Amino acid sequence: MKRQLILEDGTVFIGEGFGYEEDTIGEVIFNTGMTGYQEVLSDPSNCGQIVTLTYPLIGNYGINRDDFESITPAINGLIVKEVCDHPSNFRSQYSVDEYLKAKKIPGLSGIDTRKLTKIIRKFGTLKGAFCHIDANVNDVIQKLQETPILTDQVKQVSTKGSYPSPGRGHRVVLVDFGMKHGILRELNNRDCDVVVVPYNVTAEEILSLSPDGVMFSNGPGNPKNVPSALEMIKGILGKVPIFGICLGHQLFALANGADTVKMKFGHRGSNHPVKDLITGKVAITSQNHGYTVDEDSLISTRLEVTHRALNDGTIEGLRHLDYPAFTVQYHPEASPGPEDTNGLFNEFLQMIENFKRKEEELCQNV
Ligand SMILES: NC(=O)CC[C@H](N)C(=O)O
């Protein structure tokens, strides 16, 4: 069945529909990862977006039980050059088509994804719609222009209530702004005693859980749509070590007086080089963000840049000059992508131990 993609600038692509049969609207973005489509599909940070995968063949190793980053995928649509209907892998349970049908997500294949990506790179991220081949282009463009930008994605994808993920090690409160499960897995692998809490948790509620450290997860949308988080962050800063990832990094920056801005087309893929300014080392990182911390806004803050993207020089990591707190814009949990920066979770645990030691020394000196 033919299906068309109409962009708000009037560009039309005609391809084959797969997955669920339904019209959809979303922000059209592109991801340059060569593998890892299952993790990208199920990453809650993509809530409300139509995801274009630039790798030309998608689905050849199927969809399995183990690689989901959330239970319910939150993307509005998927665009690929070619979708594989006969996956071959010992872990495969479904084809991408079967999975998208089951999760009620429409897909579009057979279009020139390179051309689409070039349009997004030139004009910036655009709104787009999947619609029936007979739909009137002008009507769809008008509908796209009238469709408001989503503001409540974090509320949609965050956990509704707190839940434990017990371990014998450090107690870590993990604030779920739309968490990829890879973050929880990394903490579990290090035997942390984790409590996952919803996005609108207060500082008092976090401190009442007696955490050794607090993590802020990734999540969808504009960080300015989550004002409640800023009060929470200010309330715990300096009282407990903090580690933030992606949206968590952006919220940490906002809470410390910095600003965030929307990027032209963002960084999305598993192949983004980042330089650690402290060690001088370069790592290949997994990224998925459309906003960034504004460089000029750091002047009046106590934040220092620790990492930079080598493709465009934007900020990829921050640390607080006075308190034990650091954040990164990229994904050290990978899922999907390279694990070069996985050691940041160990650095977080080391920071927790140093903080505990200092607190004990202070107590002894009193
Ligand atoms: N992966 C994320 O946490 C993304 C953060 C934010 N939604 C952005 O697009 O920049």
# chains A, B, ... in the order shown; residues from 1 in each chain; ligands from 1
>>> residues_around(residues="A:Gly161", least_positions_apart="2", cutoff="8 Å", atoms="only C-alpha atoms", output="ChimeraX atom specification")
/A:159,163,197-198
>>> write_last_selection(atoms="C-alpha atoms", output="short mmCIF file (atom, residue, chain, number, x, y, z; two decimals), in the first residue's frame")
data_model
loop_
_atom_site.label_atom_id
_atom_site.label_comp_id
_atom_site.auth_asym_id
_atom_site.auth_seq_id
_atom_site.Cartn_x
_atom_site.Cartn_y
_atom_site.Cartn_z
CA THR A 159 7.01 6.27 35.48
CA TYR A 163 9.73 1.48 42.23
CA VAL A 197 11.19 7.97 40.90
CA PRO A 198 8.84 10.00 38.64
#
>>> residues_near_ligand(ligand="ligand 1", cutoff="6 Å", atoms="only C-alpha atoms and all ligand atoms", output="number ranges by chain")
A: 45, 218-222, 246-247, 288-291
>>> write_last_selection(atoms="C-alpha atoms", output="mmCIF file, in the first residue's frame")
data_model
loop_
_atom_site.group_PDB
_atom_site.id
_atom_site.type_symbol
_atom_site.label_atom_id
_atom_site.label_comp_id
_atom_site.auth_asym_id
_atom_site.auth_seq_id
_atom_site.Cartn_x
_atom_site.Cartn_y
_atom_site.Cartn_z
ATOM 1 C CA SER A 45 13.483 10.438 24.212
ATOM 2 C CA ASN A 218 17.477 11.217 29.520
ATOM 3 C CA GLY A 219 14.032 12.198 28.247
ATOM 4 C CA PRO A 220 12.017 13.733 25.402
ATOM 5 C CA GLY A 221 11.269 17.284 24.325
ATOM 6 C CA ASN A 222 12.388 20.737 25.348
ATOM 7 C CA CYS A 246 21.103 14.106 28.175
ATOM 8 C CA LEU A 247 17.807 15.739 29.290
ATOM 9 C CA ASN A 288 20.169 11.565 20.695
ATOM 10 C CA HIS A 289 19.443 15.213 21.346
ATOM 11 C CA GLY A 290 17.838 18.174 19.634
ATOM 12 C CA TYR A 291 18.647 20.797 22.293
#
>>> closest_atom_pairs(of="stretch 121-186 of chain A", to="stretch 32-44 of chain A", cutoff="8 Å", atoms="only C-alpha atoms", output="tab-separated table")
residue	atom	partner	partner_atom	distance
A:Val157	CA	A:Pro44	CA	6.4
A:Gly178	CA	A:Pro44	CA	5.3
A:Met179	CA	A:Pro44	CA	6.7
A:Lys180	CA	A:Asp43	CA	6.0
>>> residues_around(residues="A:Val240", least_positions_apart="3", cutoff="12 Å", atoms="only C-alpha atoms", output="PDB file with C-alpha atoms, in the first residue's frame")
ATOM      1  CA  ARG A 171      21.633   3.730  47.235  1.00  0.00           C
ATOM      2  CA  VAL A 172      20.964   5.667  44.009  1.00  0.00           C
ATOM      3  CA  VAL A 173      17.756   7.578  43.330  1.00  0.00           C
ATOM      4  CA  ALA A 203      13.855  17.472  46.636  1.00  0.00           C
ATOM      5  CA  ILE A 206      14.419  12.406  47.197  1.00  0.00           C
ATOM      6  CA  LEU A 207      16.285  13.282  50.410  1.00  0.00           C
ATOM      7  CA  LEU A 209      15.054   8.145  50.572  1.00  0.00           C
ATOM      8  CA  SER A 210      18.555   8.769  52.043  1.00  0.00           C
ATOM      9  CA  PRO A 211      20.353   8.484  48.703  1.00  0.00           C
ATOM     10  CA  ASP A 212      24.116   8.124  48.360  1.00  0.00           C
ATOM     11  CA  GLY A 213      23.772   9.607  44.870  1.00  0.00           C
ATOM     12  CA  VAL A 214      21.108  10.885  42.485  1.00  0.00           C
ATOM     13  CA  MET A 215      20.907  10.335  38.728  1.00  0.00           C
ATOM     14  CA  ILE A 233      17.715  20.025  41.449  1.00  0.00           C
ATOM     15  CA  LYS A 234      18.384  23.238  43.397  1.00  0.00           C
ATOM     16  CA  GLY A 235      17.061  21.506  46.516  1.00  0.00           C
ATOM     17  CA  ILE A 236      19.521  18.599  46.367  1.00  0.00           C
ATOM     18  CA  LEU A 237      22.603  20.283  44.870  1.00  0.00           C
ATOM     19  CA  PHE A 243      25.134  12.531  37.649  1.00  0.00           C
ATOM     20  CA  TYR A 323      29.683  20.601  44.427  1.00  0.00           C
ATOM     21  CA  PRO A 324      30.021  16.914  43.469  1.00  0.00           C
ATOM     22  CA  ALA A 325      27.939  16.963  40.290  1.00  0.00           C
ATOM     23  CA  PHE A 326      28.661  16.223  36.643  1.00  0.00           C
ATOM     24  CA  PHE A 348      29.880   8.483  39.622  1.00  0.00           C
ATOM     25  CA  LEU A 349      30.313   5.697  42.181  1.00  0.00           C
ATOM     26  CA  MET A 351      32.355  10.455  43.512  1.00  0.00           C
ATOM     27  CA  ILE A 352      29.813   8.944  45.910  1.00  0.00           C
ATOM     28  CA  GLU A 353      32.606   7.224  47.876  1.00  0.00           C
ATOM     29  CA  ASN A 354      34.717  10.406  48.059  1.00  0.00           C
ATOM     30  CA  PHE A 355      31.692  12.384  49.234  1.00  0.00           C
ATOM     31  CA  LYS A 356      30.892   9.806  51.919  1.00  0.00           C
ATOM     32  CA  LYS A 358      34.493  13.639  53.408  1.00  0.00           C
ATOM     33  CA  GLU A 359      31.200  13.625  55.290  1.00  0.00           C
TER      34      GLU A 359
END
>>> select_by_dssp(residues="stretch 249-284 of chain A", states="helix (DSSP H, G or I)", output="list in words")
His249, Gln250, Leu251, Phe252, Ala253, Leu254 and Ala255 of chain A
>>> residues_around(residues="A:Ile25", least_positions_apart="2", cutoff="10 Å", atoms="only C-alpha atoms", output="count of residues only")
20
>>> residues_around(residues="A:Asn225", least_positions_apart="4", cutoff="12 Å", atoms="only C-alpha atoms", output="number ranges by chain")
A: 149-155, 177, 199-200, 219-221, 229-230, 247, 250-251, 254, 260
>>> residues_around(residues="A:Ser109", least_positions_apart="3", cutoff="7 Å", atoms="only C-alpha atoms", output="PyMOL selection string")
chain A and resi 15-17+79-83
>>> closest_residue(among="A:Gly10, A:Ile111, A:Leu174, A:Asp97", to="A:Val137", atoms="only C-alpha atoms")
A:Gly10
>>> closest_residue(among="A:Leu57, A:Cys84, A:Ile183, A:Met232", to="A:Ser217", atoms="only C-alpha atoms")
A:Ile183
>>> atom_distance(atom1="atom CA of A:Pro73", atom2="atom CA of A:Ile315")
28.4 Å
>>> closest_residue(among="A:Gln287, A:Thr11, A:Ser228, A:Thr72", to="A:Ile141", atoms="only C-alpha atoms")
A:Thr11
>>> closest_residue(among="A:Arg65, A:Arg121, A:Arg3, A:Arg185", to="A:Pro106", atoms="only C-alpha atoms")
A:Arg3
>>> residues_around(residues="A:Ser92", least_positions_apart="6", cutoff="12 Å", atoms="only C-alpha atoms", output="number ranges by chain")
A: 38, 59-67, 85-86, 98-99
>>> atom_distance(atom1="atom CA of A:Val282", atom2="atom CA of A:Lys262")
24.9 Å
>>> closest_residue(among="A:Gly343, A:Pro273, A:Gly19, A:Gly26", to="A:Gln145", atoms="only C-alpha atoms")
A:Gly26
>>> select_by_dssp(residues="stretch 45-198 of chain A", states="strand (DSSP E or B)", output="PyMOL selection string")
chain A and resi 49-53+57-58+63+77-79+82-83+94+106-109+126-132+163-165+171-176+193-198
>>> write_last_selection(atoms="C-alpha atoms", output="mmCIF file, in the first residue's frame")
data_model
loop_
_atom_site.group_PDB
_atom_site.id
_atom_site.type_symbol
_atom_site.label_atom_id
_atom_site.label_comp_id
_atom_site.auth_asym_id
_atom_site.auth_seq_id
_atom_site.Cartn_x
_atom_site.Cartn_y
_atom_site.Cartn_z
ATOM 1 C CA GLN A 49 8.899 12.050 16.651
ATOM 2 C CA ILE A 50 8.958 10.415 13.227
ATOM 3 C CA VAL A 51 12.358 8.734 13.132
ATOM 4 C CA THR A 52 14.298 8.378 9.877
ATOM 5 C CA LEU A 53 17.037 5.738 9.979
ATOM 6 C CA LEU A 57 18.618 -1.673 5.306
ATOM 7 C CA ILE A 58 16.704 -1.963 8.576
ATOM 8 C CA ILE A 63 13.300 -7.518 17.074
ATOM 9 C CA GLY A 77 6.418 6.879 12.888
ATOM 10 C CA LEU A 78 9.423 5.197 11.286
ATOM 11 C CA ILE A 79 11.050 5.933 7.913
ATOM 12 C CA GLU A 82 14.396 -0.707 2.847
ATOM 13 C CA VAL A 83 12.766 -2.833 5.521
ATOM 14 C CA TYR A 94 9.411 -10.556 15.207
ATOM 15 C CA PRO A 106 3.067 3.400 11.060
ATOM 16 C CA GLY A 107 6.164 3.011 8.896
ATOM 17 C CA LEU A 108 7.244 4.232 5.473
ATOM 18 C CA SER A 109 9.814 2.481 3.292
ATOM 19 C CA LEU A 126 10.662 19.818 10.209
ATOM 20 C CA LYS A 127 7.194 18.664 11.085
ATOM 21 C CA GLY A 128 5.871 15.957 8.784
ATOM 22 C CA ALA A 129 2.828 13.758 8.214
ATOM 23 C CA PHE A 130 2.271 10.238 6.912
ATOM 24 C CA CYS A 131 -0.944 10.152 4.938
ATOM 25 C CA HIS A 132 -2.898 8.276 2.330
ATOM 26 C CA TYR A 163 9.733 1.479 42.232
ATOM 27 C CA PRO A 164 12.814 -0.201 43.659
ATOM 28 C CA SER A 165 15.484 -2.139 41.793
ATOM 29 C CA ARG A 171 21.633 3.730 47.235
ATOM 30 C CA VAL A 172 20.964 5.667 44.009
ATOM 31 C CA VAL A 173 17.756 7.578 43.330
ATOM 32 C CA LEU A 174 17.207 7.622 39.565
ATOM 33 C CA VAL A 175 14.837 10.350 38.362
ATOM 34 C CA ASP A 176 12.934 9.027 35.335
ATOM 35 C CA ASP A 193 20.409 -0.189 45.360
ATOM 36 C CA VAL A 194 18.245 1.838 42.983
ATOM 37 C CA VAL A 195 14.916 3.588 43.501
ATOM 38 C CA VAL A 196 13.392 4.921 40.272
ATOM 39 C CA VAL A 197 11.186 7.971 40.896
ATOM 40 C CA PRO A 198 8.836 10.003 38.642
#
>>> closest_residue(among="A:Pro87, A:Ser270, A:Ile75, A:Leu298", to="A:Leu100", atoms="only C-alpha atoms")
A:Ile75
>>> atom_distance(atom1="atom CA of A:Phe345", atom2="atom CA of A:Pro223")
22.9 Å
